[in-house]
$ cat protein_16.txt   # compact mmCIF, C-alpha atoms
# COMPACT_ATOMS: atom_id res chain seq x y z
CA MET A 1 95.38 78.81 89.48
CA ASN A 2 92.36 80.92 88.63
CA GLY A 3 92.66 82.15 85.06
CA ARG A 4 91.04 85.50 85.85
CA THR A 5 94.07 86.95 87.54
CA ILE A 6 94.74 90.65 87.74
CA ARG A 7 97.65 90.19 85.32
CA LEU A 8 95.34 88.72 82.69
CA ARG A 9 92.76 91.44 83.29
CA LEU A 10 95.41 94.14 82.91
CA THR A 11 96.67 92.52 79.70
CA LEU A 12 93.13 92.41 78.28
CA LEU A 13 92.64 96.03 79.32
CA TYR A 14 95.86 97.10 77.58
CA ALA A 15 94.96 95.16 74.42
CA THR A 16 91.40 96.53 74.35
CA ALA A 17 92.65 100.09 74.76
CA PHE A 18 95.18 99.54 71.94
CA PHE A 19 92.58 98.10 69.56
CA LEU A 20 90.11 100.91 70.31
CA ALA A 21 92.78 103.54 69.71
CA GLY A 22 93.84 101.78 66.50
CA ALA A 23 90.26 101.53 65.28
CA VAL A 24 89.68 105.24 65.91
CA LEU A 25 92.91 106.08 64.06
CA ILE A 26 91.95 103.93 61.07
CA ALA A 27 88.48 105.53 60.98
CA LEU A 28 89.99 109.01 60.97
CA MET A 29 92.48 108.08 58.23
CA TYR A 30 89.69 106.50 56.14
CA PHE A 31 87.50 109.59 56.52
CA TYR A 32 90.34 111.97 55.65
CA LEU A 33 91.44 109.95 52.60
CA ASN A 34 87.85 109.62 51.38
CA GLN A 35 87.29 113.36 51.64
CA SER A 36 90.60 114.05 49.94
CA LEU A 37 89.82 111.78 46.99
CA GLU A 38 86.25 113.12 46.82
CA ARG A 39 87.59 116.63 46.22
CA ARG A 40 89.77 115.29 43.39
CA PRO A 41 87.53 112.77 41.59
CA GLY A 42 89.70 112.39 38.48
CA GLY A 43 92.86 113.80 39.78
CA GLY A 44 95.14 115.96 37.66
CA ALA A 45 95.20 113.33 34.90
CA GLN A 46 91.54 113.84 33.99
CA GLN A 47 92.04 117.62 33.65
CA VAL A 48 95.06 117.12 31.42
CA VAL A 49 93.17 114.67 29.18
CA ARG A 50 90.20 117.05 28.95
CA GLU A 51 92.40 119.99 27.84
CA TYR A 52 94.25 117.77 25.35
CA LEU A 53 91.05 116.50 23.74
CA LEU A 54 89.51 119.99 23.56
CA GLU A 55 92.66 121.27 21.89
CA ARG A 56 92.58 118.45 19.31
CA ALA A 57 88.87 118.98 18.74
CA GLU A 58 89.41 122.68 17.94
CA ARG A 59 92.33 121.82 15.68
CA ASN A 60 90.41 119.09 13.79
CA ARG A 61 87.07 120.87 14.13
CA ALA A 62 85.44 117.64 15.55
CA PRO A 63 83.23 117.34 18.68
CA VAL A 64 84.55 115.57 21.79
CA SER A 65 82.64 112.44 22.86
CA ALA A 66 80.72 112.79 26.17
CA GLU A 67 81.10 109.06 26.78
CA LEU A 68 84.84 109.53 27.06
CA PHE A 69 84.48 111.97 29.96
CA LYS A 70 81.96 109.64 31.61
CA ALA A 71 84.36 106.69 31.31
CA LEU A 72 87.14 108.77 32.79
CA GLY A 73 84.93 109.71 35.77
CA GLU A 74 83.88 106.11 36.40
CA GLN A 75 87.50 104.96 36.25
CA ALA A 76 88.44 107.63 38.77
CA GLN A 77 85.65 106.47 41.11
CA ARG A 78 86.82 102.85 40.82
CA ASN A 79 90.36 103.90 41.59
CA ARG A 80 89.16 105.84 44.63
CA ARG A 81 87.17 102.85 45.94
CA ASP A 82 90.05 100.46 45.33
CA THR A 83 92.43 102.81 47.12
CA LEU A 84 90.09 103.12 50.13
CA ARG A 85 89.48 99.35 50.26
CA ALA A 86 93.21 98.55 50.07
CA MET A 87 93.98 101.11 52.76
CA LEU A 88 91.25 99.71 55.04
CA VAL A 89 92.25 96.05 54.58
CA TRP A 90 95.94 96.61 55.15
CA SER A 91 95.24 98.90 58.10
CA LEU A 92 93.06 96.25 59.78
CA VAL A 93 95.62 93.50 59.10
CA SER A 94 98.39 95.68 60.46
CA LEU A 95 96.25 96.55 63.50
CA GLY A 96 95.66 92.86 64.22
CA ALA A 97 99.32 91.91 63.90
CA VAL A 98 100.57 94.84 65.95
CA GLY A 99 97.72 94.27 68.46
CA ILE A 100 98.86 90.69 69.10
CA ALA A 101 102.40 91.92 69.67
CA ALA A 102 101.05 94.67 71.92
CA GLY A 103 99.13 92.05 73.93
CA GLY A 104 102.36 90.11 74.48
CA PHE A 105 104.19 93.25 75.57
CA GLY A 106 101.22 94.12 77.78
CA TRP A 107 101.49 90.72 79.47
CA LEU A 108 105.19 91.30 80.16
CA LEU A 109 104.63 94.84 81.39
CA ALA A 110 101.74 93.75 83.63
CA GLY A 111 103.92 91.02 85.13
CA ARG A 112 106.70 93.52 85.78
CA ALA A 113 104.29 96.00 87.34
CA LEU A 114 102.69 93.33 89.54
CA HIS A 115 105.96 91.73 90.68
CA PRO A 116 106.04 93.77 93.92
CA LEU A 117 102.48 92.67 94.67
CA GLN A 118 103.45 89.05 94.10
CA ARG A 119 106.31 89.53 96.54
CA ILE A 120 103.91 91.00 99.10
CA THR A 121 101.51 88.07 98.62
CA ALA A 122 104.29 85.48 98.97
CA THR A 123 105.51 87.11 102.17
CA ALA A 124 101.98 87.24 103.56
CA ARG A 125 101.57 83.52 102.87
CA ARG A 126 104.85 82.68 104.58
CA VAL A 127 103.94 84.84 107.56
CA ALA A 128 100.53 83.19 107.84
CA ASP A 129 102.10 79.71 107.72
CA THR A 130 105.12 80.25 109.97
CA SER A 131 105.74 83.34 112.08
CA LEU A 132 105.44 87.11 112.15
CA HIS A 133 109.17 87.81 112.10
CA GLU A 134 109.58 88.13 108.32
CA ARG A 135 109.30 91.49 106.54
CA ILE A 136 108.79 92.49 102.91
CA ALA A 137 111.37 95.32 102.91
CA LEU A 138 110.44 96.36 99.37
CA ASP A 139 112.97 98.52 97.49
CA GLY A 140 112.14 100.98 94.76
CA PRO A 141 110.50 104.37 94.22
CA GLN A 142 108.10 105.73 96.81
CA ASP A 143 104.90 104.86 94.94
CA GLU A 144 101.57 103.31 95.90
CA ILE A 145 102.92 99.74 95.92
CA LYS A 146 105.84 100.64 98.19
CA ASP A 147 103.40 102.45 100.49
CA LEU A 148 101.35 99.26 100.65
CA ALA A 149 104.44 97.15 101.44
CA ASP A 150 105.60 99.58 104.13
CA THR A 151 102.13 99.61 105.69
CA PHE A 152 102.08 95.83 105.70
CA ASP A 153 105.53 95.73 107.34
CA ALA A 154 104.39 98.19 110.00
CA MET A 155 101.32 96.04 110.71
CA LEU A 156 103.50 92.93 111.02
CA GLU A 157 105.83 94.78 113.38
CA ARG A 158 102.95 95.73 115.65
CA LEU A 159 101.51 92.22 115.58
CA ASP A 160 104.92 90.71 116.25
CA ARG A 161 105.44 92.92 119.29
CA ALA A 162 101.96 92.15 120.59
CA PHE A 163 102.36 88.38 120.25
CA ASP A 164 105.87 88.45 121.66
CA GLY A 165 104.61 90.39 124.65
CA GLN A 166 101.83 87.89 125.16
CA ARG A 167 104.20 84.93 124.95
CA ARG A 168 106.67 86.57 127.33
CA PHE A 169 103.86 87.21 129.78
CA VAL A 170 102.78 83.56 129.67
CA ALA A 171 106.37 82.35 130.06
CA ASN A 172 107.13 84.74 132.93
CA ALA A 173 103.88 83.97 134.71
CA SER A 174 104.50 80.24 134.33
CA HIS A 175 108.01 80.58 135.75
CA GLU A 176 106.74 82.64 138.67
CA LEU A 177 104.02 80.09 139.46
CA ARG A 178 106.38 77.12 139.48
CA THR A 179 108.16 78.32 142.63
CA PRO A 180 105.14 78.34 145.00
CA LEU A 181 103.92 75.04 143.54
CA THR A 182 107.31 73.46 144.21
CA ILE A 183 107.24 74.80 147.76
CA ASN A 184 103.72 73.46 148.32
CA ARG A 185 104.67 70.02 147.05
CA THR A 186 107.75 69.91 149.29
CA LEU A 187 105.78 70.97 152.39
CA ILE A 188 103.08 68.37 151.76
CA GLU A 189 105.58 65.58 151.16
CA VAL A 190 107.50 66.48 154.33
CA ALA A 191 104.28 66.54 156.33
CA LEU A 192 103.22 63.13 155.01
CA GLU A 193 106.52 61.56 156.03
CA ASP A 194 105.56 61.99 159.70
CA PRO A 195 104.42 58.51 160.88
CA GLU A 196 102.00 60.04 163.37
CA VAL A 197 99.94 61.79 160.71
CA PRO A 198 96.31 60.53 160.81
CA GLU A 199 94.92 58.58 157.87
CA SER A 200 92.43 61.30 157.02
CA THR A 201 95.27 63.81 156.78
CA ARG A 202 97.23 61.43 154.53
CA ARG A 203 94.27 61.17 152.18
CA LEU A 204 93.97 64.94 152.14
CA GLY A 205 97.71 65.24 151.48
CA ALA A 206 97.51 62.77 148.60
CA THR A 207 94.66 64.77 147.09
CA LEU A 208 96.61 68.00 147.47
CA LEU A 209 99.67 66.41 145.84
CA GLU A 210 97.57 65.32 142.87
CA VAL A 211 96.11 68.81 142.52
CA ASN A 212 99.62 70.24 142.75
CA ARG A 213 100.87 67.83 140.05
CA ARG A 214 98.02 68.84 137.75
CA HIS A 215 98.93 72.50 138.21
CA GLU A 216 102.57 71.70 137.45
CA ARG A 217 101.55 69.89 134.26
CA LEU A 218 99.43 72.90 133.31
CA ILE A 219 102.33 75.30 133.81
CA ASP A 220 104.73 73.01 131.92
CA GLY A 221 102.24 72.90 129.06
CA LEU A 222 101.94 76.68 129.00
CA LEU A 223 105.72 76.99 128.90
CA VAL A 224 106.01 74.57 125.99
CA LEU A 225 103.16 76.31 124.18
CA ALA A 226 104.81 79.71 124.61
CA THR A 227 108.17 78.30 123.48
CA SER A 228 106.78 76.53 120.42
CA GLU A 229 105.08 79.70 119.16
CA GLN A 230 108.37 81.59 119.07
CA ARG A 231 110.95 81.52 116.30
CA LEU A 232 112.94 78.28 116.23
CA THR A 233 116.47 78.63 117.57
CA GLU A 234 117.46 75.00 116.97
CA HIS A 235 117.71 73.54 113.47
CA ARG A 236 119.10 70.07 113.86
CA SER A 237 118.35 66.81 112.11
CA ALA A 238 115.91 64.42 113.75
CA ASP A 239 114.01 61.31 112.72
CA LEU A 240 110.34 60.96 113.58
CA ALA A 241 110.79 57.18 113.67
CA ASP A 242 113.42 57.45 116.42
CA LEU A 243 111.32 59.90 118.40
CA ALA A 244 108.28 57.66 118.06
CA ALA A 245 110.24 54.56 119.12
CA ASP A 246 111.46 56.40 122.22
CA ALA A 247 107.92 57.50 123.07
CA VAL A 248 106.57 53.97 122.63
CA GLY A 249 109.36 52.58 124.82
CA THR A 250 108.57 55.08 127.56
CA ARG A 251 104.86 54.34 127.39
CA ALA A 252 105.38 50.56 127.44
CA GLU A 253 106.45 50.79 131.07
CA ARG A 254 103.06 52.20 132.12
CA PRO A 255 99.67 50.51 132.02
CA GLY A 256 97.24 51.55 129.33
CA ALA A 257 96.11 50.70 125.83
CA GLU A 258 98.00 48.27 123.61
CA ILE A 259 100.42 50.18 121.35
CA THR A 260 101.49 49.00 117.91
CA ALA A 261 104.15 50.80 115.87
CA ASP A 262 104.94 50.85 112.14
CA LEU A 263 107.97 53.08 111.91
CA GLU A 264 109.75 54.02 108.70
CA THR A 265 112.52 56.58 108.63
CA ALA A 266 111.13 60.11 108.35
CA PRO A 267 113.93 62.71 108.63
CA VAL A 268 113.02 66.26 109.59
CA GLN A 269 114.85 69.46 110.50
CA GLY A 270 114.10 71.54 113.57
CA ASP A 271 114.17 71.57 117.36
CA PRO A 272 114.49 67.93 118.58
CA LEU A 273 113.11 68.77 122.03
CA LEU A 274 109.95 70.33 120.64
CA LEU A 275 109.52 67.48 118.15
CA GLU A 276 109.94 64.98 120.97
CA ARG A 277 107.26 66.77 122.95
CA LEU A 278 104.98 66.67 119.90
CA VAL A 279 105.30 62.88 119.60
CA HIS A 280 104.90 62.28 123.34
CA ASN A 281 101.82 64.52 123.51
CA LEU A 282 100.15 62.68 120.64
CA LEU A 283 100.86 59.29 122.18
CA ASP A 284 99.84 60.35 125.70
CA ASN A 285 96.65 61.90 124.35
CA ALA A 286 95.80 58.71 122.44
CA VAL A 287 96.39 56.51 125.49
CA ARG A 288 94.66 58.80 127.97
CA TYR A 289 91.44 59.25 126.01
CA ASN A 290 90.88 55.60 125.16
CA LEU A 291 88.52 52.81 126.05
CA PRO A 292 88.87 51.51 129.60
CA GLU A 293 89.37 47.96 128.34
CA ASN A 294 90.73 46.43 125.13
CA GLY A 295 91.93 49.81 123.92
CA TRP A 296 94.61 50.16 121.29
CA VAL A 297 96.88 52.83 119.83
CA SER A 298 98.76 52.71 116.54
CA ILE A 299 101.63 55.01 115.63
CA ARG A 300 103.11 55.19 112.15
CA THR A 301 105.87 57.23 110.50
CA ARG A 302 106.60 57.44 106.78
CA THR A 303 107.69 59.79 104.01
CA ALA A 304 105.53 61.00 101.14
CA GLY A 305 107.51 62.90 98.53
CA GLN A 306 109.12 65.85 100.27
CA ARG A 307 107.04 65.42 103.43
CA ALA A 308 107.54 63.45 106.65
CA VAL A 309 104.29 62.13 108.05
CA LEU A 310 103.43 60.94 111.57
CA THR A 311 100.03 59.36 112.21
CA VAL A 312 98.66 58.36 115.63
CA ALA A 313 95.29 56.59 115.76
CA ASN A 314 93.45 55.22 118.76
CA SER A 315 90.24 53.52 119.74
CA GLY A 316 87.90 55.24 122.12
CA PRO A 317 84.48 56.81 122.46
CA PRO A 318 82.89 58.26 119.31
CA VAL A 319 83.96 61.83 118.67
CA PRO A 320 81.47 64.19 116.96
CA ALA A 321 82.96 65.39 113.70
CA PHE A 322 81.97 69.01 114.37
CA GLU A 323 84.03 69.03 117.57
CA VAL A 324 87.28 67.72 116.08
CA ASP A 325 88.70 71.13 115.11
CA SER A 326 87.99 72.57 118.56
CA LEU A 327 90.25 69.93 120.16
CA PHE A 328 93.29 71.94 119.04
CA GLU A 329 92.18 74.96 121.05
CA PRO A 330 93.78 75.41 124.50
CA PHE A 331 91.84 73.99 127.47
CA ARG A 332 89.29 72.24 125.28
CA ARG A 333 88.27 68.69 126.18
CA LEU A 334 85.49 66.38 125.10
CA ALA A 335 82.95 65.49 127.75
CA THR A 336 82.95 61.83 126.65
CA ALA A 337 86.74 61.72 126.77
CA GLU A 338 86.77 63.20 130.25
CA ARG A 339 84.45 60.54 131.57
CA SER A 340 86.44 57.72 130.02
CA ALA A 341 89.81 59.09 131.14
CA ASP A 342 91.28 58.34 134.51
CA SER A 343 90.73 61.38 136.71
CA ASP A 344 94.23 60.97 138.12
CA THR A 345 95.84 61.30 134.70
CA ARG A 346 93.66 63.96 133.12
CA GLY A 347 95.66 66.52 131.23
CA ALA A 348 95.39 70.28 131.24
CA GLY A 349 93.79 70.51 127.81
CA LEU A 350 96.97 71.72 126.11
CA GLY A 351 98.24 68.53 124.48
CA LEU A 352 96.89 68.99 120.96
CA SER A 353 97.37 72.77 121.15
CA ILE A 354 101.08 72.16 121.72
CA VAL A 355 101.14 69.63 118.86
CA ARG A 356 99.64 72.14 116.44
CA SER A 357 101.92 74.95 117.61
CA VAL A 358 105.06 72.82 117.27
CA ALA A 359 104.00 71.60 113.82
CA GLN A 360 103.37 75.15 112.59
CA ALA A 361 106.71 76.34 114.01
CA HIS A 362 108.38 73.67 111.83
CA GLY A 363 106.45 74.63 108.70
CA GLY A 364 104.03 71.71 108.97
CA VAL A 365 100.34 71.10 109.43
CA VAL A 366 98.31 68.81 111.68
CA HIS A 367 94.76 67.59 111.30
CA ALA A 368 92.56 65.11 113.09
CA THR A 369 89.80 62.82 111.83
CA ALA A 370 87.08 61.20 113.87
CA ARG A 371 87.11 57.44 113.28
CA PRO A 372 83.67 55.92 112.55
CA GLU A 373 84.34 53.15 115.09
CA GLY A 374 85.32 55.68 117.76
CA GLY A 375 88.51 57.49 118.68
CA LEU A 376 90.71 59.76 116.63
CA ALA A 377 93.36 59.63 113.93
CA VAL A 378 95.78 62.56 114.13
CA THR A 379 98.25 63.19 111.28
CA VAL A 380 101.23 65.54 111.43
CA ASP A 381 102.76 66.55 108.10
CA LEU A 382 106.24 68.17 108.28
CA PRO A 383 108.77 69.16 105.61
CA ARG A 384 111.23 66.36 104.96
CA ALA A 385 114.88 67.13 105.76
CA ARG A 386 117.10 67.43 102.72
CA ALA A 387 119.74 64.78 102.35
$ encode --input "protein_16.txt" --output "structure tokens"
Amino acid sequence: MNGRTIRLRLTLLYATAFFLAGAVLIALMYFYLNQSLERRPGGGAQQVVREYLLERAERNRAPVSAELFKALGEQAQRNRRDTLRAMLVWSLVSLGAVGIAAGGFGWLLAGRALHPLQRITATARRVADTSLHERIALDGPQDEIKDLADTFDAMLERLDRAFDGQRRFVANASHELRTPLTINRTLIEVALEDPEVPESTRRLGATLLEVNRRHERLIDGLLVLATSEQRLTEHRSADLADLAADAVGTRAERPGAEITADLETAPVQGDPLLLERLVHNLLDNAVRYNLPENGWVSIRTRTAGQRAVLTVANSGPPVPAFEVDSLFEPFRRLATAERSADSDTRGAGLGLSIVRSVAQAHGGVVHATARPEGGLAVTVDLPRARA
């Protein structure tokens, strides 16, 4: 953590103000005491001694020595200087000791005053990492910090409504579009079942069916993306190793790259359906954008401390490092990957977007790395389920 925090700056400000006030107070006390002693150089004792000696001199008819009065004056000056020096030393020592204690109290008071801000910051971090549904709901007097918290809550409320409206629109539009696509597919399939249909019409029908399937995959992807960006409603135990084994078994029945698996138990907590879609999307993406021949895909699950980690790597065309982050944006594809992928199995450009959205909904992160030999290595890091 950066040492120059606002708490430390406030503590230094409090301590500096205390030391300045103490120094001014000591200076005023020193000036007042100096002036007071200056007006009484010998004090009352010197006057009493002078009167006593004059009285004895008159009685004995002997002169009074001037050196005696001079010695008395010098002694009074030494006493005044010693008094001022002792006052100044003890005042400075006391100021230092009390100043250190005041710095400690200032640190405690600054922490107490900044506690609401720390709560606001922690909530903002959680909102940025998970969802917009959480609120600060700060209690206390109606001061500047509570005004800030209430303003932040109002902003989150507006953002939450806006994003919810956007997700509902995507979900509703996707649902509405599935009906005409289903009707189109049914009509085309019924028409192709007629044995008297010409060959050219069959080829056209097959092309239309493929276009229809691509649109259905696009709508399914939009639905999953809209669902994964909402608050999780399912919190059940799942194992990334089991999900990965199921995905590998499903993929083994279809032609494609050679898949190798190194699966260790990696328990997580969340929505099993969304997590299953995450694993399948990663594996499908690795197989689809691979080399036409001698391609390979490796999938690995493991635990690292309190994290469950899933890594999917694949061979393939070289991927520019500056384009890796853009792969997680919706409808983004690499031109090299498009050319190497089978046109009949090209996705809608939502695979990695869904992966990132599902990972963030479960409190995890996902990042991809371009392999020097070509292809990608995608790692998903999720919180490990508690035993």
$ atom_distance --input "protein_16.txt" --atom1 "atom CA of Leu278 of chain A" --atom2 "atom CA of His133 of chain A"
22.9 Å
$ atom_distance --input "protein_16.txt" --atom1 "atom CA of Val378 of chain A" --atom2 "atom CA of Arg236 of chain A"
24.5 Å
$ closest_residue --input "protein_16.txt" --among "A:Leu223, A:Ile188, A:Leu109, A:Val89" --to "Leu350 of chain A" --atoms "all atoms listed in the file"
A:Leu223
$ closest_residue --input "protein_16.txt" --among "A:Phe169, A:Arg213, A:Leu12, A:Asp381" --to "Leu181 of chain A" --atoms "all atoms listed in the file"
A:Arg213
$ atom_distance --input "protein_16.txt" --atom1 "atom CA of Trp296 of chain A" --atom2 "atom CA of Gly316 of chain A"
8.5 Å
$ residues_near_point --input "protein_16.txt" --point "(94.6, 90.9, 89.9)" --cutoff "12 Å" --atoms "only C-alpha atoms" --output "ChimeraX atom specification"
/A:2-13,110-111,113-115,117-118,121
$ residues_around --input "protein_16.txt" --residues "Gly374 of chain A" --least-positions-apart "3" --cutoff "7 Å" --atoms "all atoms listed in the file" --output "ChimeraX atom specification"
/A:315-319,370-371
$ write_last_selection --input "protein_16.txt" --atoms "C-alpha atoms" --output "mmCIF file, in the coordinates of the input"
data_model
loop_
_atom_site.group_PDB
_atom_site.id
_atom_site.type_symbol
_atom_site.label_atom_id
_atom_site.label_comp_id
_atom_site.auth_asym_id
_atom_site.auth_seq_id
_atom_site.Cartn_x
_atom_site.Cartn_y
_atom_site.Cartn_z
ATOM 1 C CA SER A 315 90.240 53.520 119.740
ATOM 2 C CA GLY A 316 87.900 55.240 122.120
ATOM 3 C CA PRO A 317 84.480 56.810 122.460
ATOM 4 C CA PRO A 318 82.890 58.260 119.310
ATOM 5 C CA VAL A 319 83.960 61.830 118.670
ATOM 6 C CA ALA A 370 87.080 61.200 113.870
ATOM 7 C CA ARG A 371 87.110 57.440 113.280
#
$ closest_residue --input "protein_16.txt" --among "A:Asp82, A:Asp160, A:Glu144, A:Asp239" --to "Pro383 of chain A" --atoms "all atoms listed in the file"
A:Asp239
$ closest_residue --input "protein_16.txt" --among "A:Val365, A:Ala15, A:Leu88, A:Val358" --to "Phe31 of chain A" --atoms "only C-alpha atoms"
A:Leu88
